[in-house]
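Novice: One file: final_37.cif (mmCIF, N, CA and C atoms).
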data_my_file
loop_
_atom_site.group_PDB
_atom_site.id
_atom_site.type_symbol
_atom_site.label_atom_id
_atom_site.label_comp_id
_atom_site.auth_asym_id
_atom_site.auth_seq_id
_atom_site.Cartn_x
_atom_site.Cartn_y
_atom_site.Cartn_z
ATOM 1 N N MET E 1 -35.903 15.530 3.888
ATOM 2 C CA MET E 1 -34.785 14.615 3.840
ATOM 3 C C MET E 1 -34.229 14.551 2.425
ATOM 4 N N ASP E 2 -35.125 14.493 1.423
ATOM 5 C CA ASP E 2 -34.680 14.445 0.041
ATOM 6 C C ASP E 2 -33.978 15.737 -0.357
ATOM 7 N N GLN E 3 -34.419 16.851 0.206
ATOM 8 C CA GLN E 3 -33.784 18.130 -0.100
ATOM 9 C C GLN E 3 -32.348 18.149 0.402
ATOM 10 N N GLU E 4 -32.090 17.525 1.569
ATOM 11 C CA GLU E 4 -30.730 17.469 2.100
ATOM 12 C C GLU E 4 -29.839 16.649 1.184
ATOM 13 N N ALA E 5 -30.345 15.516 0.706
ATOM 14 C CA ALA E 5 -29.565 14.667 -0.182
ATOM 15 C C ALA E 5 -29.264 15.385 -1.485
ATOM 16 N N ASP E 6 -30.281 16.114 -2.016
ATOM 17 C CA ASP E 6 -30.080 16.862 -3.249
ATOM 18 C C ASP E 6 -29.053 17.974 -3.047
ATOM 19 N N SER E 7 -29.116 18.650 -1.897
ATOM 20 C CA SER E 7 -28.168 19.741 -1.655
ATOM 21 C C SER E 7 -26.754 19.207 -1.506
ATOM 22 N N GLU E 8 -26.593 18.013 -0.913
ATOM 23 C CA GLU E 8 -25.266 17.410 -0.798
ATOM 24 C C GLU E 8 -24.702 17.099 -2.180
ATOM 25 N N LYS E 9 -25.552 16.606 -3.071
ATOM 26 C CA LYS E 9 -25.103 16.304 -4.429
ATOM 27 C C LYS E 9 -24.700 17.577 -5.153
ATOM 28 N N GLU E 10 -25.481 18.623 -4.968
ATOM 29 C CA GLU E 10 -25.177 19.898 -5.622
ATOM 30 C C GLU E 10 -23.876 20.486 -5.115
ATOM 31 N N LEU E 11 -23.610 20.325 -3.810
ATOM 32 C CA LEU E 11 -22.400 20.885 -3.226
ATOM 33 C C LEU E 11 -21.183 19.995 -3.462
ATOM 34 N N GLY E 12 -21.388 18.819 -4.042
ATOM 35 C CA GLY E 12 -20.280 17.921 -4.315
ATOM 36 C C GLY E 12 -19.822 17.157 -3.086
ATOM 37 N N GLN E 13 -20.689 17.050 -2.084
ATOM 38 C CA GLN E 13 -20.329 16.333 -0.878
ATOM 39 C C GLN E 13 -20.658 14.866 -1.045
ATOM 40 N N ALA E 14 -19.889 14.055 -0.349
ATOM 41 C CA ALA E 14 -20.125 12.623 -0.389
ATOM 42 C C ALA E 14 -21.357 12.286 0.429
ATOM 43 N N PRO E 15 -22.103 11.257 0.033
ATOM 44 C CA PRO E 15 -23.248 10.839 0.832
ATOM 45 C C PRO E 15 -22.763 10.285 2.166
ATOM 46 N N GLU E 16 -23.674 10.179 3.108
ATOM 47 C CA GLU E 16 -23.320 9.679 4.425
ATOM 48 C C GLU E 16 -22.797 8.259 4.325
ATOM 49 N N ALA E 17 -22.010 7.864 5.327
ATOM 50 C CA ALA E 17 -21.354 6.561 5.315
ATOM 51 C C ALA E 17 -22.341 5.404 5.247
ATOM 52 N N GLY E 18 -23.492 5.515 5.856
ATOM 53 C CA GLY E 18 -24.445 4.417 5.899
ATOM 54 C C GLY E 18 -25.282 4.267 4.649
ATOM 55 N N THR E 19 -25.213 5.210 3.719
ATOM 56 C CA THR E 19 -26.057 5.152 2.534
ATOM 57 C C THR E 19 -25.338 4.448 1.402
ATOM 58 N N ALA E 20 -26.095 3.751 0.581
ATOM 59 C CA ALA E 20 -25.527 3.048 -0.569
ATOM 60 C C ALA E 20 -25.746 3.888 -1.815
ATOM 61 N N SER E 21 -24.868 3.737 -2.784
ATOM 62 C CA SER E 21 -25.028 4.483 -4.027
ATOM 63 C C SER E 21 -26.110 3.827 -4.876
ATOM 64 N N ALA E 22 -26.691 4.604 -5.764
ATOM 65 C CA ALA E 22 -27.797 4.121 -6.582
ATOM 66 C C ALA E 22 -27.312 3.185 -7.689
ATOM 67 N N GLY E 23 -26.076 3.357 -8.150
ATOM 68 C CA GLY E 23 -25.547 2.529 -9.235
ATOM 69 C C GLY E 23 -25.245 1.120 -8.766
ATOM 70 N N GLY E 24 -25.091 0.207 -9.711
ATOM 71 C CA GLY E 24 -24.739 -1.164 -9.375
ATOM 72 C C GLY E 24 -23.330 -1.226 -8.805
ATOM 73 N N GLU E 25 -23.196 -1.857 -7.671
ATOM 74 C CA GLU E 25 -21.892 -1.953 -7.032
ATOM 75 C C GLU E 25 -21.311 -3.333 -7.258
ATOM 76 N N HIS E 26 -20.003 -3.378 -7.458
ATOM 77 C CA HIS E 26 -19.314 -4.646 -7.620
ATOM 78 C C HIS E 26 -18.830 -5.113 -6.256
ATOM 79 N N PRO E 27 -18.839 -6.397 -6.035
ATOM 80 C CA PRO E 27 -18.317 -6.870 -4.757
ATOM 81 C C PRO E 27 -16.821 -6.511 -4.667
ATOM 82 N N GLU E 28 -16.379 -6.215 -3.472
ATOM 83 C CA GLU E 28 -14.995 -5.797 -3.265
ATOM 84 C C GLU E 28 -14.042 -6.939 -3.603
ATOM 85 N N THR E 29 -13.088 -6.663 -4.482
ATOM 86 C CA THR E 29 -12.098 -7.667 -4.847
ATOM 87 C C THR E 29 -10.998 -7.666 -3.810
ATOM 88 N N PRO E 30 -10.387 -8.806 -3.547
ATOM 89 C CA PRO E 30 -9.332 -8.858 -2.543
ATOM 90 C C PRO E 30 -8.111 -8.042 -2.978
ATOM 91 N N HIS E 31 -7.506 -7.368 -2.048
ATOM 92 C CA HIS E 31 -6.327 -6.544 -2.303
ATOM 93 C C HIS E 31 -5.115 -7.474 -2.458
ATOM 94 N N PRO E 32 -4.372 -7.363 -3.552
ATOM 95 C CA PRO E 32 -3.191 -8.211 -3.696
ATOM 96 C C PRO E 32 -2.157 -7.876 -2.621
ATOM 97 N N GLU E 33 -1.404 -8.868 -2.212
ATOM 98 C CA GLU E 33 -0.363 -8.668 -1.211
ATOM 99 C C GLU E 33 0.987 -8.614 -1.906
ATOM 100 N N TYR E 34 1.904 -7.861 -1.310
ATOM 101 C CA TYR E 34 3.231 -7.705 -1.884
ATOM 102 C C TYR E 34 4.291 -8.019 -0.845
ATOM 103 N N ARG E 35 5.386 -8.581 -1.302
ATOM 104 C CA ARG E 35 6.523 -8.883 -0.447
ATOM 105 C C ARG E 35 7.641 -7.907 -0.814
ATOM 106 N N ILE E 36 8.208 -7.267 0.183
ATOM 107 C CA ILE E 36 9.307 -6.328 -0.009
ATOM 108 C C ILE E 36 10.564 -6.987 0.536
ATOM 109 N N ASN E 37 11.530 -7.226 -0.338
ATOM 110 C CA ASN E 37 12.804 -7.827 0.060
ATOM 111 C C ASN E 37 13.905 -6.784 -0.020
ATOM 112 N N ILE E 38 14.692 -6.689 1.038
ATOM 113 C CA ILE E 38 15.829 -5.781 1.066
ATOM 114 C C ILE E 38 17.094 -6.629 1.117
ATOM 115 N N PHE E 39 17.972 -6.427 0.156
ATOM 116 C CA PHE E 39 19.232 -7.156 0.091
ATOM 117 C C PHE E 39 20.268 -6.377 0.897
ATOM 118 N N ARG E 40 20.486 -6.801 2.132
ATOM 119 C CA ARG E 40 21.345 -6.065 3.068
ATOM 120 C C ARG E 40 22.772 -5.896 2.570
ATOM 121 N N ASP E 41 23.297 -6.878 1.870
ATOM 122 C CA ASP E 41 24.681 -6.782 1.393
ATOM 123 C C ASP E 41 24.847 -5.701 0.329
ATOM 124 N N TRP E 42 23.785 -5.384 -0.382
ATOM 125 C CA TRP E 42 23.859 -4.371 -1.435
ATOM 126 C C TRP E 42 23.496 -2.980 -0.924
ATOM 127 N N CYS E 43 22.720 -2.926 0.157
ATOM 128 C CA CYS E 43 22.175 -1.658 0.661
ATOM 129 C C CYS E 43 23.259 -0.829 1.349
ATOM 130 N N LYS E 44 23.310 0.467 0.995
ATOM 131 C CA LYS E 44 24.267 1.372 1.652
ATOM 132 C C LYS E 44 23.562 2.297 2.653
ATOM 133 N N SER E 45 22.297 2.007 2.962
ATOM 134 C CA SER E 45 21.515 2.743 3.960
ATOM 135 C C SER E 45 21.373 4.220 3.627
ATOM 136 N N CYS E 46 21.064 4.525 2.382
ATOM 137 C CA CYS E 46 20.904 5.928 1.974
ATOM 138 C C CYS E 46 19.554 6.500 2.384
ATOM 139 N N GLY E 47 18.530 5.626 2.581
ATOM 140 C CA GLY E 47 17.217 6.067 3.024
ATOM 141 C C GLY E 47 16.277 6.510 1.919
ATOM 142 N N ILE E 48 16.719 6.425 0.676
ATOM 143 C CA ILE E 48 15.876 6.864 -0.441
ATOM 144 C C ILE E 48 14.586 6.048 -0.524
ATOM 145 N N CYS E 49 14.671 4.752 -0.306
ATOM 146 C CA CYS E 49 13.486 3.894 -0.408
ATOM 147 C C CYS E 49 12.410 4.317 0.586
ATOM 148 N N ALA E 50 12.815 4.564 1.825
ATOM 149 C CA ALA E 50 11.851 4.982 2.847
ATOM 150 C C ALA E 50 11.299 6.376 2.548
ATOM 151 N N ALA E 51 12.132 7.247 2.016
ATOM 152 C CA ALA E 51 11.698 8.615 1.708
ATOM 153 C C ALA E 51 10.691 8.643 0.564
ATOM 154 N N PHE E 52 10.822 7.754 -0.416
ATOM 155 C CA PHE E 52 9.950 7.766 -1.583
ATOM 156 C C PHE E 52 8.680 6.936 -1.421
ATOM 157 N N CYS E 53 8.602 6.089 -0.396
ATOM 158 C CA CYS E 53 7.435 5.217 -0.245
ATOM 159 C C CYS E 53 6.187 6.044 0.056
ATOM 160 N N PRO E 54 5.187 6.047 -0.860
ATOM 161 C CA PRO E 54 3.998 6.866 -0.647
ATOM 162 C C PRO E 54 3.085 6.332 0.464
ATOM 163 N N ARG E 55 3.255 5.080 0.850
ATOM 164 C CA ARG E 55 2.400 4.480 1.883
ATOM 165 C C ARG E 55 3.141 4.254 3.204
ATOM 166 N N GLN E 56 4.368 4.745 3.308
ATOM 167 C CA GLN E 56 5.190 4.604 4.515
ATOM 168 C C GLN E 56 5.314 3.150 4.979
ATOM 169 N N CYS E 57 5.565 2.259 4.018
ATOM 170 C CA CYS E 57 5.756 0.850 4.340
ATOM 171 C C CYS E 57 7.140 0.600 4.926
ATOM 172 N N LEU E 58 8.081 1.448 4.583
ATOM 173 C CA LEU E 58 9.465 1.290 5.019
ATOM 174 C C LEU E 58 9.818 2.367 6.034
ATOM 175 N N SER E 59 10.672 2.000 6.961
ATOM 176 C CA SER E 59 11.208 2.975 7.901
ATOM 177 C C SER E 59 12.699 2.682 8.047
ATOM 178 N N LEU E 60 13.396 3.533 8.765
ATOM 179 C CA LEU E 60 14.829 3.357 8.970
ATOM 180 C C LEU E 60 15.084 2.972 10.424
ATOM 181 N N ASP E 61 15.989 2.019 10.623
ATOM 182 C CA ASP E 61 16.328 1.622 11.991
ATOM 183 C C ASP E 61 17.323 2.621 12.591
ATOM 184 N N ALA E 62 17.844 2.328 13.741
ATOM 185 C CA ALA E 62 18.741 3.247 14.452
ATOM 186 C C ALA E 62 20.019 3.545 13.671
ATOM 187 N N GLU E 63 20.457 2.607 12.839
ATOM 188 C CA GLU E 63 21.666 2.806 12.039
ATOM 189 C C GLU E 63 21.377 3.396 10.662
ATOM 190 N N GLY E 64 20.109 3.652 10.370
ATOM 191 C CA GLY E 64 19.729 4.233 9.089
ATOM 192 C C GLY E 64 19.448 3.219 7.995
ATOM 193 N N ALA E 65 19.437 1.940 8.347
ATOM 194 C CA ALA E 65 19.145 0.882 7.373
ATOM 195 C C ALA E 65 17.626 0.728 7.241
ATOM 196 N N PRO E 66 17.131 0.516 6.028
ATOM 197 C CA PRO E 66 15.682 0.370 5.843
ATOM 198 C C PRO E 66 15.162 -0.952 6.401
ATOM 199 N N VAL E 67 13.968 -0.891 6.962
ATOM 200 C CA VAL E 67 13.271 -2.090 7.429
ATOM 201 C C VAL E 67 11.835 -2.019 6.932
ATOM 202 N N VAL E 68 11.269 -3.174 6.655
ATOM 203 C CA VAL E 68 9.872 -3.247 6.230
ATOM 204 C C VAL E 68 9.031 -3.122 7.491
ATOM 205 N N ASP E 69 8.336 -2.012 7.601
ATOM 206 C CA ASP E 69 7.587 -1.697 8.813
ATOM 207 C C ASP E 69 6.117 -2.069 8.684
ATOM 208 N N LYS E 70 5.501 -1.765 7.548
ATOM 209 C CA LYS E 70 4.064 -1.997 7.352
ATOM 210 C C LYS E 70 3.829 -2.606 5.968
ATOM 211 N N ALA E 71 4.228 -3.847 5.799
ATOM 212 C CA ALA E 71 4.119 -4.522 4.500
ATOM 213 C C ALA E 71 2.680 -4.600 4.001
ATOM 214 N N GLU E 72 1.720 -4.678 4.907
ATOM 215 C CA GLU E 72 0.311 -4.796 4.508
ATOM 216 C C GLU E 72 -0.199 -3.545 3.798
ATOM 217 N N ARG E 73 0.481 -2.423 3.953
ATOM 218 C CA ARG E 73 0.077 -1.173 3.296
ATOM 219 C C ARG E 73 0.612 -1.062 1.858
ATOM 220 N N CYS E 74 1.521 -1.927 1.475
ATOM 221 C CA CYS E 74 2.177 -1.841 0.162
ATOM 222 C C CYS E 74 1.170 -2.046 -0.974
ATOM 223 N N THR E 75 1.205 -1.149 -1.955
ATOM 224 C CA THR E 75 0.330 -1.247 -3.124
ATOM 225 C C THR E 75 1.071 -1.780 -4.351
ATOM 226 N N GLY E 76 2.355 -2.058 -4.201
ATOM 227 C CA GLY E 76 3.128 -2.591 -5.316
ATOM 228 C C GLY E 76 3.536 -1.551 -6.340
ATOM 229 N N CYS E 77 3.607 -0.292 -5.952
ATOM 230 C CA CYS E 77 3.961 0.769 -6.913
ATOM 231 C C CYS E 77 5.431 0.698 -7.333
ATOM 232 N N ARG E 78 6.255 0.091 -6.515
ATOM 233 C CA ARG E 78 7.683 -0.123 -6.776
ATOM 234 C C ARG E 78 8.511 1.166 -6.833
ATOM 235 N N TRP E 79 8.038 2.247 -6.225
ATOM 236 C CA TRP E 79 8.828 3.481 -6.205
ATOM 237 C C TRP E 79 10.143 3.249 -5.480
ATOM 238 N N CYS E 80 10.094 2.492 -4.385
ATOM 239 C CA CYS E 80 11.323 2.222 -3.637
ATOM 240 C C CYS E 80 12.324 1.462 -4.504
ATOM 241 N N GLU E 81 11.822 0.487 -5.226
ATOM 242 C CA GLU E 81 12.661 -0.336 -6.095
ATOM 243 C C GLU E 81 13.254 0.495 -7.230
ATOM 244 N N LEU E 82 12.447 1.344 -7.831
ATOM 245 C CA LEU E 82 12.904 2.145 -8.964
ATOM 246 C C LEU E 82 13.917 3.213 -8.574
ATOM 247 N N HIS E 83 13.832 3.725 -7.351
ATOM 248 C CA HIS E 83 14.715 4.806 -6.932
ATOM 249 C C HIS E 83 15.970 4.335 -6.192
ATOM 250 N N CYS E 84 16.050 3.062 -5.873
ATOM 251 C CA CYS E 84 17.220 2.552 -5.154
ATOM 252 C C CYS E 84 18.438 2.577 -6.075
ATOM 253 N N PRO E 85 19.480 3.334 -5.696
ATOM 254 C CA PRO E 85 20.664 3.418 -6.560
ATOM 255 C C PRO E 85 21.489 2.131 -6.591
ATOM 256 N N ASP E 86 21.270 1.244 -5.625
ATOM 257 C CA ASP E 86 22.057 0.006 -5.545
ATOM 258 C C ASP E 86 21.260 -1.246 -5.907
ATOM 259 N N PHE E 87 20.023 -1.078 -6.373
ATOM 260 C CA PHE E 87 19.148 -2.211 -6.726
ATOM 261 C C PHE E 87 19.027 -3.189 -5.555
ATOM 262 N N ALA E 88 18.963 -2.643 -4.342
ATOM 263 C CA ALA E 88 18.973 -3.459 -3.134
ATOM 264 C C ALA E 88 17.581 -3.769 -2.596
ATOM 265 N N ILE E 89 16.553 -3.381 -3.305
ATOM 266 C CA ILE E 89 15.191 -3.649 -2.838
ATOM 267 C C ILE E 89 14.357 -4.199 -3.987
ATOM 268 N N CYS E 90 13.497 -5.140 -3.643
ATOM 269 C CA CYS E 90 12.694 -5.815 -4.654
ATOM 270 C C CYS E 90 11.267 -5.961 -4.123
ATOM 271 N N VAL E 91 10.292 -5.594 -4.930
ATOM 272 C CA VAL E 91 8.885 -5.709 -4.553
ATOM 273 C C VAL E 91 8.219 -6.685 -5.508
ATOM 274 N N ARG E 92 7.613 -7.712 -4.962
ATOM 275 C CA ARG E 92 6.951 -8.726 -5.780
ATOM 276 C C ARG E 92 5.579 -9.037 -5.206
ATOM 277 N N GLU E 93 4.631 -9.299 -6.112
ATOM 278 C CA GLU E 93 3.291 -9.688 -5.684
ATOM 279 C C GLU E 93 3.327 -11.125 -5.177
ATOM 280 N N VAL E 94 2.665 -11.338 -4.046
ATOM 281 C CA VAL E 94 2.578 -12.672 -3.465
ATOM 282 C C VAL E 94 1.422 -13.389 -4.133
ATOM 283 N N ALA E 95 1.656 -14.593 -4.618
ATOM 284 C CA ALA E 95 0.588 -15.378 -5.238
ATOM 285 C C ALA E 95 -0.477 -15.679 -4.189
ATOM 286 N N ALA E 96 -1.710 -15.805 -4.622
ATOM 287 C CA ALA E 96 -2.835 -16.010 -3.701
ATOM 288 C C ALA E 96 -2.632 -17.246 -2.831
ATOM 289 N N LYS E 97 -2.133 -18.332 -3.393
ATOM 290 C CA LYS E 97 -1.947 -19.546 -2.600
ATOM 291 C C LYS E 97 -0.824 -19.372 -1.580
ATOM 292 N N GLU E 98 0.210 -18.583 -1.903
ATOM 293 C CA GLU E 98 1.274 -18.298 -0.939
ATOM 294 C C GLU E 98 0.733 -17.481 0.214
ATOM 295 N N ALA E 99 -0.092 -16.484 -0.099
ATOM 296 C CA ALA E 99 -0.652 -15.606 0.936
ATOM 297 C C ALA E 99 -1.512 -16.417 1.909
ATOM 298 N N LYS E 100 -2.292 -17.362 1.397
ATOM 299 C CA LYS E 100 -3.143 -18.174 2.257
ATOM 300 C C LYS E 100 -2.317 -19.068 3.146
ATOM 301 N N SER E 101 -1.234 -19.651 2.629
ATOM 302 C CA SER E 101 -0.398 -20.527 3.445
ATOM 303 C C SER E 101 0.350 -19.737 4.519
ATOM 304 N N GLU E 102 0.730 -18.482 4.243
ATOM 305 C CA GLU E 102 1.390 -17.644 5.235
ATOM 306 C C GLU E 102 0.422 -17.271 6.359
ATOM 307 N N GLU E 103 -0.863 -17.047 6.026
ATOM 308 C CA GLU E 103 -1.857 -16.716 7.033
ATOM 309 C C GLU E 103 -2.091 -17.898 7.963
ATOM 310 N N ALA E 104 -2.001 -19.124 7.444
ATOM 311 C CA ALA E 104 -2.243 -20.315 8.247
ATOM 312 C C ALA E 104 -1.126 -20.537 9.261
ATOM 313 N N ASP E 105 0.078 -20.070 8.956
ATOM 314 C CA ASP E 105 1.218 -20.285 9.863
ATOM 315 C C ASP E 105 1.163 -19.482 11.097
#
Any chance you could give the structure as structure tokens?
Specialist:
Amino acid sequence: MDQEADSEKELGQAPEAGTASAGGEHPETPHPEYRINIFRDWCKSCGICAAFCPRQCLSLDAEGAPVVDKAERCTGCRWCELHCPDFAICVREVAAKEAKSEEAD
């Protein structure tokens, strides 16, 4: 059994899912939440925001206008915001107390 573990380390393979690493592990910190706001009056439906989103948080509706599809996947990278030619999208971190009150609703 130890030989298998050693060979996995030598081959650069990850240990099995059920095994813990030998180093000290930190408890998982909560993932910050982000709010994506689209200003419809400014948006010309070019689709750049949806095309640049690395986590596919945005999609386009039938008319080609962006919609927030999977807000929980947002990492706050702001690529959509930075690439929008009309400044029609805004990404902001939700404060912890706001996130808790939204979950209660």
Novice: Near Gly47 (chain E), within 9 Å and counting only C-alpha atoms, which residues show up once chain neighbours fewer than 2 positions away are dropped, as a list in words?
Specialist: Lys44, Ser45, Cys49, Ala50, Ala51, Phe52, Ser59, Leu60, Gly64, Ala65, Pro66 and Cys84 of chain E
Novice: Kindly give the distance, in Å, that separates atom N of Ile36 (chain E) and atom C of Val91 (chain E), rounded to a single decimal.
Specialist: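 Computed distance, atom N of Ile36 (chain E) to atom C of Val91 (chain E), equals 5.7 Å.
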Novice: I need the residue set behind the PyMOL selection byres (((chain E and resi 32 and name CA) around 8) and name CA) for this file; please write it as a list in words.
Specialist: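 What the PyMOL selection byres (((chain E and resi 32 and name CA) around 8) and name CA) grabs from the file is Pro30, His31, Glu33, Tyr34, Thr75, Glu93, Val94 and Ala96 of chain E.
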Novice: When the PyMOL selection byres ((chain E and resi 38) around 5) is applied to the structure above, which residues does it catch, written out as an MDAnalysis selection string?
Specialist: chainID E and resid 36:37 39:40 88:89
Novice: Evaluate the PyMOL selection byres ((chain E and resi 78) around 8) and record the selected residues as a VMD selection string, following the chain and residue labels used in the document.
Specialist: chain E and resid 52 to 53 74 to 77 79 to 84 90 to 92
